[in-house]
>>> print(open('query35.pdb').read())   # PDB, C-alpha atoms
ATOM      1  CA  MET A   1      -4.689  20.571  -7.516
ATOM      2  CA  ASP A   2      -3.993  16.991  -8.395
ATOM      3  CA  VAL A   3      -3.673  15.625  -4.851
ATOM      4  CA  LEU A   4      -5.379  12.236  -5.094
ATOM      5  CA  PRO A   5      -2.840  10.551  -7.412
ATOM      6  CA  ASP A   6      -0.054  11.639  -5.047
ATOM      7  CA  LEU A   7      -1.888  10.152  -2.058
ATOM      8  CA  ALA A   8      -2.524   6.905  -3.903
ATOM      9  CA  THR A   9       1.077   6.421  -5.025
ATOM     10  CA  ARG A  10       2.842   7.230  -1.761
ATOM     11  CA  PRO A  11       4.286   4.145  -0.075
ATOM     12  CA  MET A  12       2.676   2.858   3.101
ATOM     13  CA  THR A  13       4.700   3.656   6.187
ATOM     14  CA  VAL A  14       4.259   2.607   9.786
ATOM     15  CA  GLU A  15       3.045   6.080  10.730
ATOM     16  CA  ARG A  16       0.474   6.225   7.892
ATOM     17  CA  SER A  17      -0.714   2.744   8.826
ATOM     18  CA  ARG A  18      -1.209   3.769  12.454
ATOM     19  CA  TRP A  19      -3.100   6.942  11.506
ATOM     20  CA  LEU A  20      -5.315   4.999   9.122
ATOM     21  CA  GLY A  21      -5.997   2.377  11.799
ATOM     22  CA  ARG A  22      -6.878   4.988  14.384
ATOM     23  CA  GLY A  23      -9.168   6.699  11.899
ATOM     24  CA  LEU A  24     -10.989   3.466  11.086
ATOM     25  CA  MET A  25     -11.456   2.668  14.767
ATOM     26  CA  GLY A  26     -12.715   6.192  15.404
ATOM     27  CA  VAL A  27     -15.284   6.035  12.616
ATOM     28  CA  ALA A  28     -16.431   2.596  13.807
ATOM     29  CA  ALA A  29     -16.754   3.842  17.392
ATOM     30  CA  LEU A  30     -18.743   6.883  16.281
ATOM     31  CA  ALA A  31     -21.058   4.666  14.224
ATOM     32  CA  SER A  32     -21.693   2.401  17.201
ATOM     33  CA  VAL A  33     -22.377   5.375  19.506
ATOM     34  CA  TRP A  34     -24.751   6.797  16.891
ATOM     35  CA  TRP A  35     -26.553   3.434  16.729
ATOM     36  CA  LEU A  36     -26.818   3.138  20.533
ATOM     37  CA  ARG A  37     -28.216   6.649  20.773
ATOM     38  CA  ARG A  38     -30.684   5.884  18.007
ATOM     39  CA  LEU A  39     -31.637   2.645  19.787
ATOM     40  CA  THR A  40     -32.945   4.615  22.760
ATOM     41  CA  ARG A  41     -35.033   6.931  20.562
ATOM     42  CA  ARG A  42     -36.265   4.666  17.752
ATOM     43  CA  PRO A  43     -35.764   1.037  18.751
ATOM     44  CA  ALA A  44     -37.678  -0.520  15.859
ATOM     45  CA  THR A  45     -35.663   1.056  13.064
ATOM     46  CA  SER A  46     -32.423   0.640  15.010
ATOM     47  CA  LEU A  47     -33.004  -3.079  15.309
ATOM     48  CA  LEU A  48     -33.501  -3.207  11.550
ATOM     49  CA  LEU A  49     -30.148  -1.450  11.077
ATOM     50  CA  ALA A  50     -28.328  -3.775  13.475
ATOM     51  CA  PRO A  51     -27.623  -6.692  11.077
ATOM     52  CA  VAL A  52     -25.915  -4.301   8.658
ATOM     53  CA  LEU A  53     -24.279  -1.757  10.932
ATOM     54  CA  LEU A  54     -22.901  -3.902  13.750
ATOM     55  CA  PRO A  55     -20.855  -6.263  11.539
ATOM     56  CA  LEU A  56     -19.443  -3.218   9.722
ATOM     57  CA  VAL A  57     -18.485  -1.703  13.084
ATOM     58  CA  ALA A  58     -16.809  -4.951  14.146
ATOM     59  CA  ILE A  59     -14.868  -5.199  10.875
ATOM     60  CA  GLY A  60     -13.874  -1.526  11.137
ATOM     61  CA  ILE A  61     -12.531  -1.967  14.664
ATOM     62  CA  TRP A  62     -10.723  -5.184  13.717
ATOM     63  CA  ALA A  63      -9.147  -3.685  10.591
ATOM     64  CA  GLY A  64      -8.243  -0.478  12.420
ATOM     65  CA  PHE A  65      -6.625  -2.365  15.275
ATOM     66  CA  THR A  66      -4.700  -4.536  12.825
ATOM     67  CA  LEU A  67      -3.400  -1.494  10.936
ATOM     68  CA  ASN A  68      -2.543   0.228  14.199
ATOM     69  CA  VAL A  69      -0.344  -2.578  15.544
ATOM     70  CA  LEU A  70       1.111  -3.823  12.252
ATOM     71  CA  ASP A  71       4.825  -3.182  11.715
ATOM     72  CA  TRP A  72       5.321  -2.568   8.001
ATOM     73  CA  ASP A  73       9.078  -2.127   8.226
ATOM     74  CA  GLU A  74       9.976  -5.475   9.761
ATOM     75  CA  PRO A  75       7.250  -8.087   9.417
ATOM     76  CA  ALA A  76       8.063 -11.222  11.394
ATOM     77  CA  ASP A  77       7.289 -13.689   8.606
ATOM     78  CA  PHE A  78       9.079 -11.880   5.771
ATOM     79  CA  ASP A  79      12.185 -13.591   4.400
ATOM     80  CA  PRO A  80      13.927 -11.314   1.866
ATOM     81  CA  GLU A  81      16.099 -14.166   0.586
ATOM     82  CA  ALA A  82      13.201 -16.465  -0.249
ATOM     83  CA  PRO A  83      12.468 -16.927  -3.959
ATOM     84  CA  GLU A  84       9.250 -15.407  -5.160
ATOM     85  CA  ALA A  85       6.468 -17.850  -5.956
TER      86      ALA A  85
END
>>> encode(input="query35.pdb", output="structure tokens")
Amino acid sequence: MDVLPDLATRPMTVERSRWLGRGLMGVAALASVWWLRRLTRRPATSLLLAPVLLPLVAIGIWAGFTLNVLDWDEPADFDPEAPEA
């Protein structure tokens, strides 16, 4: 079962981008809920985790949202006739 090379070489489509974005946002939301729940039970260690976990959650939500709304098929700033730099 050589599945990973096939997954890595498949082209990115709008649907794959949206699923990946939703997955990233879901993982980030679960991490933030886990942290909030931990904050009520062990506030000292949760506050130590905050500088690492909360920026990762913010980046995960931002990247997931960007992948979810991005249109890979027709990007607005893509000019197919422009020479490559």
>>> residues_around(input="query35.pdb", residues="A:Asn68", least_positions_apart="2", cutoff="12 Å", atoms="only C-alpha atoms", output="PyMOL selection string")
chain A and resi 13-26+60-66+70-72
>>> atom_distance(input="query35.pdb", atom1="atom CA of A:Leu47", atom2="atom CA of A:Ser32")
12.7 Å
>>> atom_distance(input="query35.pdb", atom1="atom CA of A:Leu30", atom2="atom CA of A:Ile59")
13.8 Å
>>> residues_around(input="query35.pdb", residues="A:Ala31", least_positions_apart="2", cutoff="10 Å", atoms="all atoms listed in the file", output="number ranges by chain")
A: 25-29, 33-37, 53-54, 56-57, 60
>>> atom_distance(input="query35.pdb", atom1="atom CA of A:Arg38", atom2="atom CA of A:Leu67")
29.1 Å
>>> axis_aligned_box(input="query35.pdb", around="stretch 24-27 of chain A", padding_each_side="4 Å", output="JSON")
{"center_x": -13.1, "center_y": 4.4, "center_z": 13.2, "size_x": 12.3, "size_y": 11.5, "size_z": 12.3}
